[in-house]
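In what follows, a structure is listed as structure tokens, so that the remarks can point back to it.
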Amino acid sequence: MNNAMDNLIDKIKQLDNPTVMGLDPRYDMLPTCITNKYEKSLEGACKAILEFNKALIDETYDIIPAVKPQIAFYEMFGVEGISVFKETCKYAKQKGMIVIADIKRGDIGSTASGYSNAYLGKTPLGENEEAIFDVDFVTLNPYLGTDGIKPFIEDCEKYGKGVFIIDKTSNPSSGELQDLKLENGNTIYEEVAKLIEKWGEPLRGKYGYSSISSVVGATYKEQLQLLRNQAPHTFFLIPGYGAQRRKSK
């Protein structure tokens with residue numbers, strides 16, 4: 001079985017570029033040369049977003065190893081938006097890019113299994129089964145503990161996929177919970193890092209990194225260095241490094 005993290009690192013080495021391109025489309029920020037082609041309607045907006053996404057992928061697939069579409073920017077357009085999300089993921093994979101679905105799911109039991117089936121595994125259809133979004137990685141929220149992560153790990157093992165689990169995030173209020181001190185003197189984010197290392201042990205690849213990895217913000221460099229030392233087998237998806245937003249004029 002392929003190891004998702006090995007595949008990602010291979011792609012990074014091939015292109016000599018560790019960048020992930022976020023695909024968080026804002027209709028009001030799309031170029032007018034695209035939006036003016038379509039009606040000012042829900043369907044027209046989705047067509048414009050898909051054209052924009054494909055154009056970005058066409059211009060970057062040979063220099064950037066991975067894309068990260070954020071599901072919220074597609075869900076807000078309803079069923080049509082979800083179709084654009086699926087087509088975007090499919091198109092990026094056809095171009096050879098690694099696809100990280102930024103879905104930040106967090107639930108347990110059959111609900112977690114359902115999410116995992118949708119994005120990493122396959123949906124059962126009687127005697128058959130079908131891959132739905134079929135991305136390479138998803139982002140997860142670990143707040144519910146092992147029960148919320150285990151179904152995804154099982155699909156990672158079965159289908160050669162991976163996850164990035166939120167640990168220390170880049171937003172200003174992250175410390176309200178993540179920096180709280182426990183009785184052993186560690187912060188919550190340090191304990192989460194330990195869990196991620198433990199969860200990832202069975203899925204370490206040829207480079208020594210696991211397909212069960214974490215999200216660590218670059219805006220807190222001291223914590224980033226601390227976690228790098230404490231979690232040597234955990235690959236980091238690092239938001240907060242480089243341009244994160246664009247201001248409207």
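Residue numbering restarts at 1 for every chain of the structure tokens, chains are lettered A, B, ... in their displayed order, and ligands are numbered from 1 as they appear.
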
Can you list, as a PDB file with C-alpha atoms, in the first residue's frame, every protein, DNA or RNA residue that comes within 10 Å of Tyr159 in chain A when you count only C-alpha atoms, leaving out same-chain residues fewer than 5 positions away?
ATOM      1  CA  MET A   1       0.000   0.000   0.000  1.00  0.00           C
ATOM      2  CA  ASN A   2       1.243   3.485  -0.858  1.00  0.00           C
ATOM      3  CA  ASN A   3       2.079   5.817   2.008  1.00  0.00           C
ATOM      4  CA  ALA A   4       0.384   9.193   1.586  1.00  0.00           C
ATOM      5  CA  LEU A 120     -10.655   9.095   2.178  1.00  0.00           C
ATOM      6  CA  GLY A 121     -12.391   5.737   1.859  1.00  0.00           C
ATOM      7  CA  LYS A 122     -15.360   4.454  -0.091  1.00  0.00           C
ATOM      8  CA  ASP A 134     -11.201  10.628  -3.142  1.00  0.00           C
ATOM      9  CA  ASP A 136      -5.228  12.407  -0.519  1.00  0.00           C
ATOM     10  CA  ILE A 153      -6.708   6.211  10.592  1.00  0.00           C
ATOM     11  CA  GLU A 154      -8.331   2.951   9.530  1.00  0.00           C
TER      12      GLU A 154
END

Skipping near chain neighbours, those fewer than 3 positions away, what residues fall within 8 Å of Ala193 in chain A using only C-alpha atoms, listed as a list in words? Asp167, Tyr189, Glu190, Ile196, Glu197, Ser214, Leu227, Gln230 and Ala231 of chain A

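Running DSSP on the backbone gives strand (DSSP E) for these residues within range 108-197 of chain A: Thr123, Pro124, Leu125, Asn128, Glu129, Glu130, Phe137, Val138, Thr139, Leu140, Gly162, Val163, Phe164, Ile165, Ile166, Asp167 and Lys168 of chain A.
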
Selection file, N, CA and C atoms, as an mmCIF file, in the first residue's frame:
data_model
loop_
_atom_site.group_PDB
_atom_site.id
_atom_site.type_symbol
_atom_site.label_atom_id
_atom_site.label_comp_id
_atom_site.auth_asym_id
_atom_site.auth_seq_id
_atom_site.Cartn_x
_atom_site.Cartn_y
_atom_site.Cartn_z
ATOM 1 N N THR A 123 -17.746 4.713 -0.149
ATOM 2 C CA THR A 123 -19.113 4.623 0.347
ATOM 3 C C THR A 123 -19.719 3.291 -0.084
ATOM 4 N N PRO A 124 -20.214 2.490 0.874
ATOM 5 C CA PRO A 124 -20.799 1.195 0.511
ATOM 6 C C PRO A 124 -22.110 1.363 -0.250
ATOM 7 N N LEU A 125 -22.263 0.572 -1.312
ATOM 8 C CA LEU A 125 -23.473 0.609 -2.150
ATOM 9 C C LEU A 125 -23.942 -0.816 -2.388
ATOM 10 N N ASN A 128 -21.437 -3.248 -3.831
ATOM 11 C CA ASN A 128 -20.383 -2.425 -4.404
ATOM 12 C C ASN A 128 -20.004 -1.297 -3.452
ATOM 13 N N GLU A 129 -19.004 -0.533 -3.826
ATOM 14 C CA GLU A 129 -18.608 0.644 -3.078
ATOM 15 C C GLU A 129 -17.980 1.637 -4.060
ATOM 16 N N GLU A 130 -18.009 2.909 -3.668
ATOM 17 C CA GLU A 130 -17.514 3.933 -4.586
ATOM 18 C C GLU A 130 -16.791 5.029 -3.826
ATOM 19 N N PHE A 137 -5.509 13.779 1.468
ATOM 20 C CA PHE A 137 -5.462 14.119 2.892
ATOM 21 C C PHE A 137 -6.717 14.899 3.263
ATOM 22 N N VAL A 138 -7.065 14.851 4.556
ATOM 23 C CA VAL A 138 -8.059 15.766 5.107
ATOM 24 C C VAL A 138 -7.497 16.383 6.377
ATOM 25 N N THR A 139 -8.084 17.512 6.788
ATOM 26 C CA THR A 139 -7.764 18.099 8.080
ATOM 27 C C THR A 139 -8.828 17.694 9.092
ATOM 28 N N LEU A 140 -8.402 17.487 10.342
ATOM 29 C CA LEU A 140 -9.304 17.005 11.386
ATOM 30 C C LEU A 140 -9.144 17.811 12.666
ATOM 31 N N GLY A 162 -4.029 10.109 4.087
ATOM 32 C CA GLY A 162 -3.422 10.750 5.246
ATOM 33 C C GLY A 162 -4.317 11.821 5.840
ATOM 34 N N VAL A 163 -3.956 12.273 7.048
ATOM 35 C CA VAL A 163 -4.695 13.338 7.725
ATOM 36 C C VAL A 163 -3.724 14.340 8.338
ATOM 37 N N PHE A 164 -4.182 15.579 8.440
ATOM 38 C CA PHE A 164 -3.487 16.611 9.194
ATOM 39 C C PHE A 164 -4.410 17.022 10.341
ATOM 40 N N ILE A 165 -3.951 16.816 11.565
ATOM 41 C CA ILE A 165 -4.762 17.041 12.753
ATOM 42 C C ILE A 165 -4.388 18.372 13.390
ATOM 43 N N ILE A 166 -5.382 19.180 13.694
ATOM 44 C CA ILE A 166 -5.133 20.490 14.292
ATOM 45 C C ILE A 166 -4.431 20.338 15.637
ATOM 46 N N ASP A 167 -3.305 21.055 15.798
ATOM 47 C CA ASP A 167 -2.572 21.016 17.059
ATOM 48 C C ASP A 167 -2.438 22.431 17.619
ATOM 49 N N LYS A 168 -1.472 23.185 17.123
ATOM 50 C CA LYS A 168 -1.297 24.575 17.560
ATOM 51 C C LYS A 168 -1.573 25.477 16.370
#

I need the helix (DSSP H, G or I) residues of range 52-206 of chain A per DSSP on the backbone, written as JSON, numbers by chain. {"A": [52, 53, 54, 55, 56, 57, 58, 59, 60, 72, 73, 74, 75, 78, 79, 80, 81, 82, 83, 84, 85, 86, 87, 88, 89, 90, 91, 92, 93, 94, 109, 110, 111, 112, 113, 114, 115, 116, 117, 118, 119, 146, 147, 148, 149, 150, 151, 152, 153, 154, 155, 156, 157, 158, 159, 172, 173, 174, 175, 176, 177, 178, 188, 189, 190, 191, 192, 193, 194, 195, 196, 197, 198, 199, 200, 201, 202, 203]}

Preceding selection exported with C-alpha atoms as a PDB file, in the first residue's frame:
ATOM      1  CA  PHE A  52     -10.820  30.195 -11.846  1.00  0.00           C
ATOM      2  CA  ASN A  53      -9.703  27.118  -9.907  1.00  0.00           C
ATOM      3  CA  LYS A  54      -8.797  25.231 -13.064  1.00  0.00           C
ATOM      4  CA  ALA A  55      -6.829  28.225 -14.339  1.00  0.00           C
ATOM      5  CA  LEU A  56      -4.828  28.369 -11.106  1.00  0.00           C
ATOM      6  CA  ILE A  57      -4.144  24.641 -11.257  1.00  0.00           C
ATOM      7  CA  ASP A  58      -3.095  24.859 -14.923  1.00  0.00           C
ATOM      8  CA  GLU A  59      -0.592  27.592 -14.087  1.00  0.00           C
ATOM      9  CA  THR A  60       0.909  25.929 -11.012  1.00  0.00           C
ATOM     10  CA  ALA A  72     -16.547  26.241   3.539  1.00  0.00           C
ATOM     11  CA  PHE A  73     -16.020  28.338   0.422  1.00  0.00           C
ATOM     12  CA  TYR A  74     -17.877  25.687  -1.581  1.00  0.00           C
ATOM     13  CA  GLU A  75     -20.561  24.678   0.920  1.00  0.00           C
ATOM     14  CA  GLY A  78     -24.973  24.696  -1.722  1.00  0.00           C
ATOM     15  CA  VAL A  79     -25.181  21.607  -3.897  1.00  0.00           C
ATOM     16  CA  GLU A  80     -23.652  23.425  -6.881  1.00  0.00           C
ATOM     17  CA  GLY A  81     -20.727  24.492  -4.735  1.00  0.00           C
ATOM     18  CA  ILE A  82     -20.079  20.946  -3.539  1.00  0.00           C
ATOM     19  CA  SER A  83     -19.996  19.860  -7.186  1.00  0.00           C
ATOM     20  CA  VAL A  84     -17.353  22.525  -7.849  1.00  0.00           C
ATOM     21  CA  PHE A  85     -15.355  21.264  -4.863  1.00  0.00           C
ATOM     22  CA  LYS A  86     -15.468  17.708  -6.181  1.00  0.00           C
ATOM     23  CA  GLU A  87     -14.549  18.742  -9.717  1.00  0.00           C
ATOM     24  CA  THR A  88     -11.705  20.919  -8.410  1.00  0.00           C
ATOM     25  CA  CYS A  89     -10.248  18.025  -6.421  1.00  0.00           C
ATOM     26  CA  LYS A  90     -10.599  15.685  -9.376  1.00  0.00           C
ATOM     27  CA  TYR A  91      -8.963  18.135 -11.780  1.00  0.00           C
ATOM     28  CA  ALA A  92      -6.004  18.776  -9.446  1.00  0.00           C
ATOM     29  CA  LYS A  93      -5.402  15.036  -9.076  1.00  0.00           C
ATOM     30  CA  GLN A  94      -5.561  14.581 -12.845  1.00  0.00           C
ATOM     31  CA  GLY A 109     -18.573   6.613  15.714  1.00  0.00           C
ATOM     32  CA  SER A 110     -20.618   6.140  12.581  1.00  0.00           C
ATOM     33  CA  THR A 111     -20.579   9.885  11.899  1.00  0.00           C
ATOM     34  CA  ALA A 112     -16.765   9.977  11.799  1.00  0.00           C
ATOM     35  CA  SER A 113     -16.803   6.863   9.624  1.00  0.00           C
ATOM     36  CA  GLY A 114     -19.232   8.557   7.259  1.00  0.00           C
ATOM     37  CA  TYR A 115     -16.979  11.582   6.892  1.00  0.00           C
ATOM     38  CA  SER A 116     -13.985   9.334   6.326  1.00  0.00           C
ATOM     39  CA  ASN A 117     -15.862   7.236   3.768  1.00  0.00           C
ATOM     40  CA  ALA A 118     -16.733  10.401   1.860  1.00  0.00           C
ATOM     41  CA  TYR A 119     -13.235  11.834   1.630  1.00  0.00           C
ATOM     42  CA  THR A 146      -9.140   8.916  19.723  1.00  0.00           C
ATOM     43  CA  ASP A 147     -12.794   8.088  18.986  1.00  0.00           C
ATOM     44  CA  GLY A 148     -12.904  10.943  16.485  1.00  0.00           C
ATOM     45  CA  ILE A 149      -9.635  10.045  14.768  1.00  0.00           C
ATOM     46  CA  LYS A 150      -9.660   6.238  14.624  1.00  0.00           C
ATOM     47  CA  PRO A 151     -12.070   5.818  11.661  1.00  0.00           C
ATOM     48  CA  PHE A 152      -9.864   8.076   9.570  1.00  0.00           C
ATOM     49  CA  ILE A 153      -6.708   6.211  10.592  1.00  0.00           C
ATOM     50  CA  GLU A 154      -8.331   2.951   9.530  1.00  0.00           C
ATOM     51  CA  ASP A 155      -9.062   4.371   6.080  1.00  0.00           C
ATOM     52  CA  CYS A 156      -5.547   5.819   5.876  1.00  0.00           C
ATOM     53  CA  GLU A 157      -4.183   2.329   6.452  1.00  0.00           C
ATOM     54  CA  LYS A 158      -6.625   0.706   4.024  1.00  0.00           C
ATOM     55  CA  TYR A 159      -6.451   3.198   1.156  1.00  0.00           C
ATOM     56  CA  PRO A 172      -4.814  35.012  17.845  1.00  0.00           C
ATOM     57  CA  SER A 173      -7.259  33.353  20.273  1.00  0.00           C
ATOM     58  CA  SER A 174      -5.826  29.836  19.877  1.00  0.00           C
ATOM     59  CA  GLY A 175      -4.146  30.102  23.267  1.00  0.00           C
ATOM     60  CA  GLU A 176      -7.480  30.311  25.084  1.00  0.00           C
ATOM     61  CA  LEU A 177      -7.594  26.514  24.956  1.00  0.00           C
ATOM     62  CA  GLN A 178      -4.431  25.255  23.291  1.00  0.00           C
ATOM     63  CA  ILE A 188      -2.872  21.066  25.783  1.00  0.00           C
ATOM     64  CA  TYR A 189      -1.153  21.473  22.417  1.00  0.00           C
ATOM     65  CA  GLU A 190       1.867  19.507  23.702  1.00  0.00           C
ATOM     66  CA  GLU A 191      -0.382  16.650  24.798  1.00  0.00           C
ATOM     67  CA  VAL A 192      -2.161  16.711  21.432  1.00  0.00           C
ATOM     68  CA  ALA A 193       1.241  16.468  19.748  1.00  0.00           C
ATOM     69  CA  LYS A 194       1.984  13.361  21.812  1.00  0.00           C
ATOM     70  CA  LEU A 195      -1.279  11.785  20.740  1.00  0.00           C
ATOM     71  CA  ILE A 196      -0.594  12.547  17.082  1.00  0.00           C
ATOM     72  CA  GLU A 197       2.833  10.904  17.336  1.00  0.00           C
ATOM     73  CA  LYS A 198       1.218   7.858  18.942  1.00  0.00           C
ATOM     74  CA  TRP A 199      -1.624   7.667  16.420  1.00  0.00           C
ATOM     75  CA  GLY A 200       0.870   7.912  13.604  1.00  0.00           C
ATOM     76  CA  GLU A 201       3.244   5.125  14.623  1.00  0.00           C
ATOM     77  CA  PRO A 202       1.759   2.437  12.304  1.00  0.00           C
ATOM     78  CA  LEU A 203       1.886   4.732   9.258  1.00  0.00           C
TER      79      LEU A 203
END

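Comparing the minimum interatomic distances between Leu23 in chain A and each of A:Ser41, A:Asp10, A:Asn36, A:Ile100, counting only C-alpha atoms, we find that A:Ile100 sits nearest.
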
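Near Arg26 in chain A, within 12 Å and counting only C-alpha atoms, sit A:Pro31, A:Thr35, A:Ala45, A:Cys46, A:Ala48, A:Ile49, A:Leu50, A:Phe52, A:Asn53, A:Gln70, A:Ala72, A:Phe73, A:Tyr74, A:Met76, A:Phe77, A:Gly81, A:Arg245, A:Arg246, A:Lys247, A:Ser248; same-chain residues fewer than 5 positions away were not included.
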
Which residues are near Val20 in chain A? Cut-off 12 Å, only C-alpha atoms, ignore same chain within fewer than 6 positions. Put them as a PyMOL selection string. chain A and resi 8+11-12+57+60-61+63-69+97-102+236-244

Those selected residues, please, written with C-alpha atoms and delivered as a PDB file, in the first residue's frame.
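What ended up in part_23.pdb:
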ATOM      1  CA  LEU A   8       3.662  14.091  -0.664  1.00  0.00           C
ATOM      2  CA  LYS A  11       6.283  15.403  -4.886  1.00  0.00           C
ATOM      3  CA  ILE A  12       7.917  18.132  -2.788  1.00  0.00           C
ATOM      4  CA  ILE A  57      -4.144  24.641 -11.257  1.00  0.00           C
ATOM      5  CA  THR A  60       0.909  25.929 -11.012  1.00  0.00           C
ATOM      6  CA  TYR A  61       0.698  22.122 -11.243  1.00  0.00           C
ATOM      7  CA  ILE A  63       5.747  24.050  -9.716  1.00  0.00           C
ATOM      8  CA  ILE A  64       3.489  23.495  -6.654  1.00  0.00           C
ATOM      9  CA  PRO A  65       3.061  19.979  -5.242  1.00  0.00           C
ATOM     10  CA  ALA A  66      -0.295  20.308  -3.464  1.00  0.00           C
ATOM     11  CA  VAL A  67      -3.576  22.198  -3.272  1.00  0.00           C
ATOM     12  CA  LYS A  68      -5.807  22.718  -0.238  1.00  0.00           C
ATOM     13  CA  PRO A  69      -9.425  23.583  -1.062  1.00  0.00           C
ATOM     14  CA  MET A  97      -1.166  17.391  -7.577  1.00  0.00           C
ATOM     15  CA  ILE A  98      -1.656  16.164  -4.010  1.00  0.00           C
ATOM     16  CA  VAL A  99      -5.083  17.219  -2.723  1.00  0.00           C
ATOM     17  CA  ILE A 100      -5.599  18.182   0.926  1.00  0.00           C
ATOM     18  CA  ALA A 101      -9.290  18.702   1.663  1.00  0.00           C
ATOM     19  CA  ASP A 102      -9.508  21.316   4.414  1.00  0.00           C
ATOM     20  CA  PHE A 236       3.667  19.761   9.764  1.00  0.00           C
ATOM     21  CA  LEU A 237       1.149  21.600   7.627  1.00  0.00           C
ATOM     22  CA  ILE A 238       2.070  25.180   8.479  1.00  0.00           C
ATOM     23  CA  PRO A 239      -0.425  28.019   7.935  1.00  0.00           C
ATOM     24  CA  GLY A 240       0.583  31.569   8.774  1.00  0.00           C
ATOM     25  CA  TYR A 241       3.710  31.524   6.603  1.00  0.00           C
ATOM     26  CA  GLY A 242       3.479  33.860   3.598  1.00  0.00           C
ATOM     27  CA  ALA A 243       0.397  35.617   2.255  1.00  0.00           C
ATOM     28  CA  GLN A 244      -2.762  34.512   4.046  1.00  0.00           C
TER      29      GLN A 244
END

Shell of 8 Å around Ser170 in chain A, only C-alpha atoms, local chain residues under 5 positions omitted, as a count of residues only: 7
